[in-house]
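File shown: coords_20.cif (mmCIF, C-alpha atoms).
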```
data_my_file
#
loop_
_atom_site.label_atom_id
_atom_site.label_comp_id
_atom_site.auth_asym_id
_atom_site.auth_seq_id
_atom_site.Cartn_x
_atom_site.Cartn_y
_atom_site.Cartn_z
CA MET A 1 -50.26 -30.42 -74.96
CA THR A 2 -50.33 -28.78 -78.35
CA GLU A 3 -49.02 -25.36 -79.27
CA LYS A 4 -52.61 -24.13 -79.41
CA ASP A 5 -53.24 -25.43 -75.87
CA TYR A 6 -50.07 -23.71 -74.66
CA ASN A 7 -51.08 -20.37 -76.21
CA SER A 8 -54.50 -20.75 -74.64
CA CYS A 9 -52.82 -21.27 -71.24
CA VAL A 10 -50.77 -18.12 -71.69
CA ASN A 11 -53.89 -16.09 -72.51
CA GLN A 12 -55.95 -17.67 -69.76
CA TYR A 13 -53.55 -17.89 -66.79
CA ALA A 14 -50.68 -15.40 -67.24
CA ASP A 15 -52.44 -12.55 -65.42
CA ASN A 16 -53.59 -14.78 -62.55
CA VAL A 17 -50.15 -16.27 -61.98
CA TYR A 18 -48.51 -12.85 -62.17
CA ARG A 19 -51.02 -11.30 -59.76
CA PHE A 20 -50.48 -14.13 -57.25
CA ILE A 21 -46.68 -13.83 -57.38
CA VAL A 22 -46.50 -10.03 -57.32
CA LYS A 23 -48.88 -9.86 -54.33
CA ASN A 24 -46.56 -12.19 -52.42
CA LEU A 25 -43.21 -10.77 -53.52
CA ARG A 26 -44.22 -7.13 -53.87
CA HIS A 27 -41.61 -6.74 -56.60
CA GLU A 28 -42.86 -6.54 -60.17
CA GLU A 29 -39.68 -7.43 -62.05
CA ASP A 30 -39.01 -10.52 -59.95
CA ALA A 31 -42.63 -11.56 -60.38
CA ARG A 32 -42.37 -11.22 -64.16
CA ASP A 33 -39.20 -13.34 -64.16
CA ILE A 34 -40.88 -16.05 -62.10
CA VAL A 35 -43.96 -16.12 -64.33
CA GLN A 36 -41.78 -16.27 -67.43
CA THR A 37 -39.83 -19.19 -65.93
CA ALA A 38 -43.07 -21.01 -65.12
CA PHE A 39 -44.32 -20.68 -68.70
CA GLU A 40 -40.90 -21.68 -70.03
CA LYS A 41 -41.01 -24.87 -67.94
CA LEU A 42 -44.54 -25.56 -69.15
CA TRP A 43 -43.35 -25.22 -72.74
CA ARG A 44 -40.36 -27.51 -72.17
CA ASN A 45 -42.58 -30.11 -70.50
CA ARG A 46 -45.58 -29.72 -72.80
CA ASP A 47 -45.32 -33.37 -73.89
CA THR A 48 -45.83 -34.61 -70.33
CA VAL A 49 -48.31 -32.00 -69.01
CA GLU A 50 -51.95 -32.55 -69.83
CA ALA A 51 -53.79 -29.46 -71.03
CA ASP A 52 -56.44 -29.72 -68.29
CA LYS A 53 -53.70 -29.86 -65.60
CA SER A 54 -51.77 -26.86 -66.95
CA LYS A 55 -53.25 -24.35 -64.48
CA SER A 56 -52.17 -26.41 -61.49
CA TYR A 57 -48.77 -27.05 -63.07
CA LEU A 58 -48.17 -23.33 -63.69
CA PHE A 59 -49.13 -22.28 -60.18
CA THR A 60 -47.05 -25.07 -58.65
CA VAL A 61 -43.95 -24.13 -60.64
CA ALA A 62 -44.46 -20.40 -59.98
CA TYR A 63 -45.03 -21.00 -56.26
CA ASN A 64 -41.86 -23.11 -55.98
CA GLN A 65 -39.86 -20.52 -57.91
CA MET A 66 -41.18 -17.81 -55.60
CA ILE A 67 -40.21 -19.78 -52.48
CA ASP A 68 -36.71 -20.35 -53.90
CA HIS A 69 -36.43 -16.64 -54.67
CA ILE A 70 -37.52 -15.67 -51.14
CA ARG A 71 -35.08 -18.11 -49.55
CA LYS A 72 -32.25 -16.87 -51.74
CA ASN A 73 -32.98 -13.24 -50.87
CA LYS A 74 -33.16 -14.01 -47.16
CA ARG A 75 -29.60 -15.29 -47.31
CA ILE A 76 -28.38 -12.19 -49.10
CA HIS A 77 -28.55 -9.03 -47.04
CA LEU A 78 -29.15 -6.27 -49.52
CA LYS A 79 -28.51 -2.64 -48.75
CA ASP A 80 -31.65 -1.82 -50.74
CA GLU A 81 -33.75 -2.91 -47.77
CA PHE A 82 -32.30 -0.07 -45.74
CA ALA A 83 -32.45 2.63 -48.40
CA GLU A 84 -34.29 5.75 -47.38
CA ASP A 85 -36.27 5.81 -50.63
CA GLY A 86 -38.53 2.76 -50.26
CA LYS A 87 -40.09 1.49 -53.46
CA VAL A 88 -43.49 0.98 -51.84
CA GLN A 89 -45.08 4.14 -50.51
CA TYR A 90 -48.56 4.43 -49.07
CA GLN A 91 -50.67 7.54 -49.16
CA SER A 92 -51.92 8.84 -45.84
CA ASN A 93 -55.54 8.71 -47.01
CA ASN A 94 -55.24 5.00 -47.69
CA ASN A 95 -55.01 3.72 -44.10
CA LEU A 96 -57.23 0.68 -44.63
CA LYS A 97 -55.15 -0.61 -47.51
CA LYS A 98 -51.97 0.00 -45.54
CA THR A 99 -53.35 -1.84 -42.52
CA LEU A 100 -54.39 -4.81 -44.67
CA MET A 101 -50.99 -4.95 -46.37
CA ASP A 102 -49.27 -4.73 -42.97
CA ALA A 103 -51.42 -7.60 -41.74
CA LEU A 104 -50.56 -9.75 -44.78
CA ASN A 105 -46.88 -8.90 -44.46
CA ARG A 106 -46.86 -10.18 -40.88
CA LEU A 107 -47.75 -13.68 -42.12
CA ASN A 108 -45.03 -16.11 -43.16
CA GLU A 109 -44.77 -16.90 -46.87
CA THR A 110 -46.81 -20.12 -46.61
CA GLN A 111 -49.66 -18.44 -44.76
CA ARG A 112 -49.63 -15.42 -47.08
CA SER A 113 -49.70 -17.69 -50.14
CA LEU A 114 -52.61 -19.69 -48.73
CA VAL A 115 -54.65 -16.57 -48.02
CA MET A 116 -53.89 -15.13 -51.44
CA LEU A 117 -54.76 -18.35 -53.29
CA LYS A 118 -57.97 -18.99 -51.37
CA ASP A 119 -59.40 -15.57 -50.59
CA TYR A 120 -57.98 -13.48 -53.44
CA GLU A 121 -57.71 -15.94 -56.32
CA GLY A 122 -60.60 -18.19 -55.25
CA TYR A 123 -58.95 -21.61 -55.60
CA SER A 124 -60.37 -24.69 -53.89
CA TYR A 125 -58.59 -26.41 -51.02
CA GLU A 126 -57.71 -29.28 -53.34
CA GLU A 127 -56.20 -26.97 -55.97
CA ILE A 128 -54.22 -25.09 -53.33
CA GLY A 129 -52.92 -28.40 -51.99
CA GLU A 130 -51.70 -29.37 -55.46
CA ILE A 131 -50.03 -26.00 -55.98
CA MET A 132 -48.30 -25.91 -52.61
CA GLY A 133 -47.60 -29.60 -52.13
CA LEU A 134 -49.90 -29.98 -49.10
CA ASN A 135 -52.82 -32.27 -48.44
CA GLU A 136 -56.30 -30.79 -48.15
CA SER A 137 -56.48 -30.96 -44.35
CA GLN A 138 -53.08 -29.23 -44.02
CA VAL A 139 -54.36 -26.45 -46.29
CA LYS A 140 -57.44 -26.00 -44.09
CA VAL A 141 -55.46 -25.97 -40.83
CA TYR A 142 -52.74 -23.60 -42.09
CA LEU A 143 -55.34 -21.30 -43.68
CA HIS A 144 -57.35 -21.24 -40.43
CA ARG A 145 -54.22 -20.25 -38.48
CA ALA A 146 -53.36 -17.57 -41.03
CA ARG A 147 -56.84 -16.09 -40.80
CA LEU A 148 -56.64 -16.10 -36.99
CA ASN A 149 -53.35 -14.20 -37.18
CA LEU A 150 -54.92 -11.70 -39.58
CA ARG A 151 -57.97 -11.25 -37.38
CA ASN A 152 -55.91 -10.77 -34.22
CA TYR A 153 -53.80 -8.13 -35.92
CA LEU A 154 -56.71 -6.33 -37.56
CA VAL A 155 -58.80 -6.09 -34.38
CA SER A 156 -55.93 -4.97 -32.17
CA PRO A 157 -56.57 -1.54 -30.57
CA GLU A 158 -53.91 0.27 -32.61
CA ASN A 159 -55.55 -0.82 -35.89
CA VAL A 160 -59.20 -0.22 -35.02
CA ARG A 161 -60.22 3.34 -35.91
#
```

Have the structure of the file written as structure tokens, please.
Amino acid sequence: MTEKDYNSCVNQYADNVYRFIVKNLRHEEDARDIVQTAFEKLWRNRDTVEADKSKSYLFTVAYNQMIDHIRKNKRIHLKDEFAEDGKVQYQSNNNLKKTLMDALNRLNETQRSLVMLKDYEGYSYEEIGEIMGLNESQVKVYLHRARLNLRNYLVSPENVR
């Protein structure tokens, strides 16, 4: 990969990778750090990464960094989680968005990532498998289960208005 190819990757994929990570983490600064690390790794490995595989490489590295970050934060019990002033606040007139976010938050990180990659970012099953280290049939099964969980939550009586 040349420097020109790398710069093209930054212009082409930075927003997509950031959007994917921030939707999963819901923390902008951590998402920026993860995206920066992914591009740094791409730069360091530019001699071994083919330009046409750079998108998959970036999402794979970013996804793995995100999982590591989530696991690390699960082990550390931060007082910030219990602060009265939550960083994410929903407006009362935005019930649908709140319900959708609640539904996504109920999924585990693998299911949430699958839904985000497929339904929000539009990646193919094969691409998602490469990013997440799963085979195509695993992606389909896990995504089906995630969608069932979402449907069951969204059609429950307390969420139907």

The PyMOL selection byres ((chain A and resi 126) around 12) applied to the shown file, residues as a ChimeraX atom specification = /A:56,114,117-118,122-125,127-140

For Lys41 of chain A, which residue among A:Asn24, A:Asn152, A:Thr60, A:Asn105 is the nearest when counting all atoms listed in the file?
->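 Of A:Asn24, A:Asn152, A:Thr60, A:Asn105, the one nearest Lys41 of chain A, counting all atoms listed in the file, is A:Thr60.
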
Could you jot down the atom CA of Arg19 of chain A to atom CA of Ile34 of chain A separation for me, Å, one decimal place?
->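 A separation of 11.4 Å between them.
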
Which residue gives the smallest distance to Asp68 of chain A among A:Glu109, A:Asp102, A:Glu3, A:Glu50, with all atoms listed in the file counted?
->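 Once distances to Asp68 of chain A are computed over all atoms listed in the file, the minimum belongs to A:Glu109.
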
Atom CA of Leu143 of chain A and atom CA of Val61 of chain A are how many Å apart?
-> 20.6 Å

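Residues selected in this file by the PyMOL selection byres ((chain A and resi 37) around 12) comprise Ala14, Val17, Tyr18, Asp30, Ala31, Arg32, Asp33, Ile34, Val35, Gln36, Ala38, Phe39, Glu40, Lys41, Leu42, Trp43, Arg44, Leu58, Phe59, Thr60, Val61, Ala62, Tyr63, Asn64, Gln65 and Met66 of chain A.
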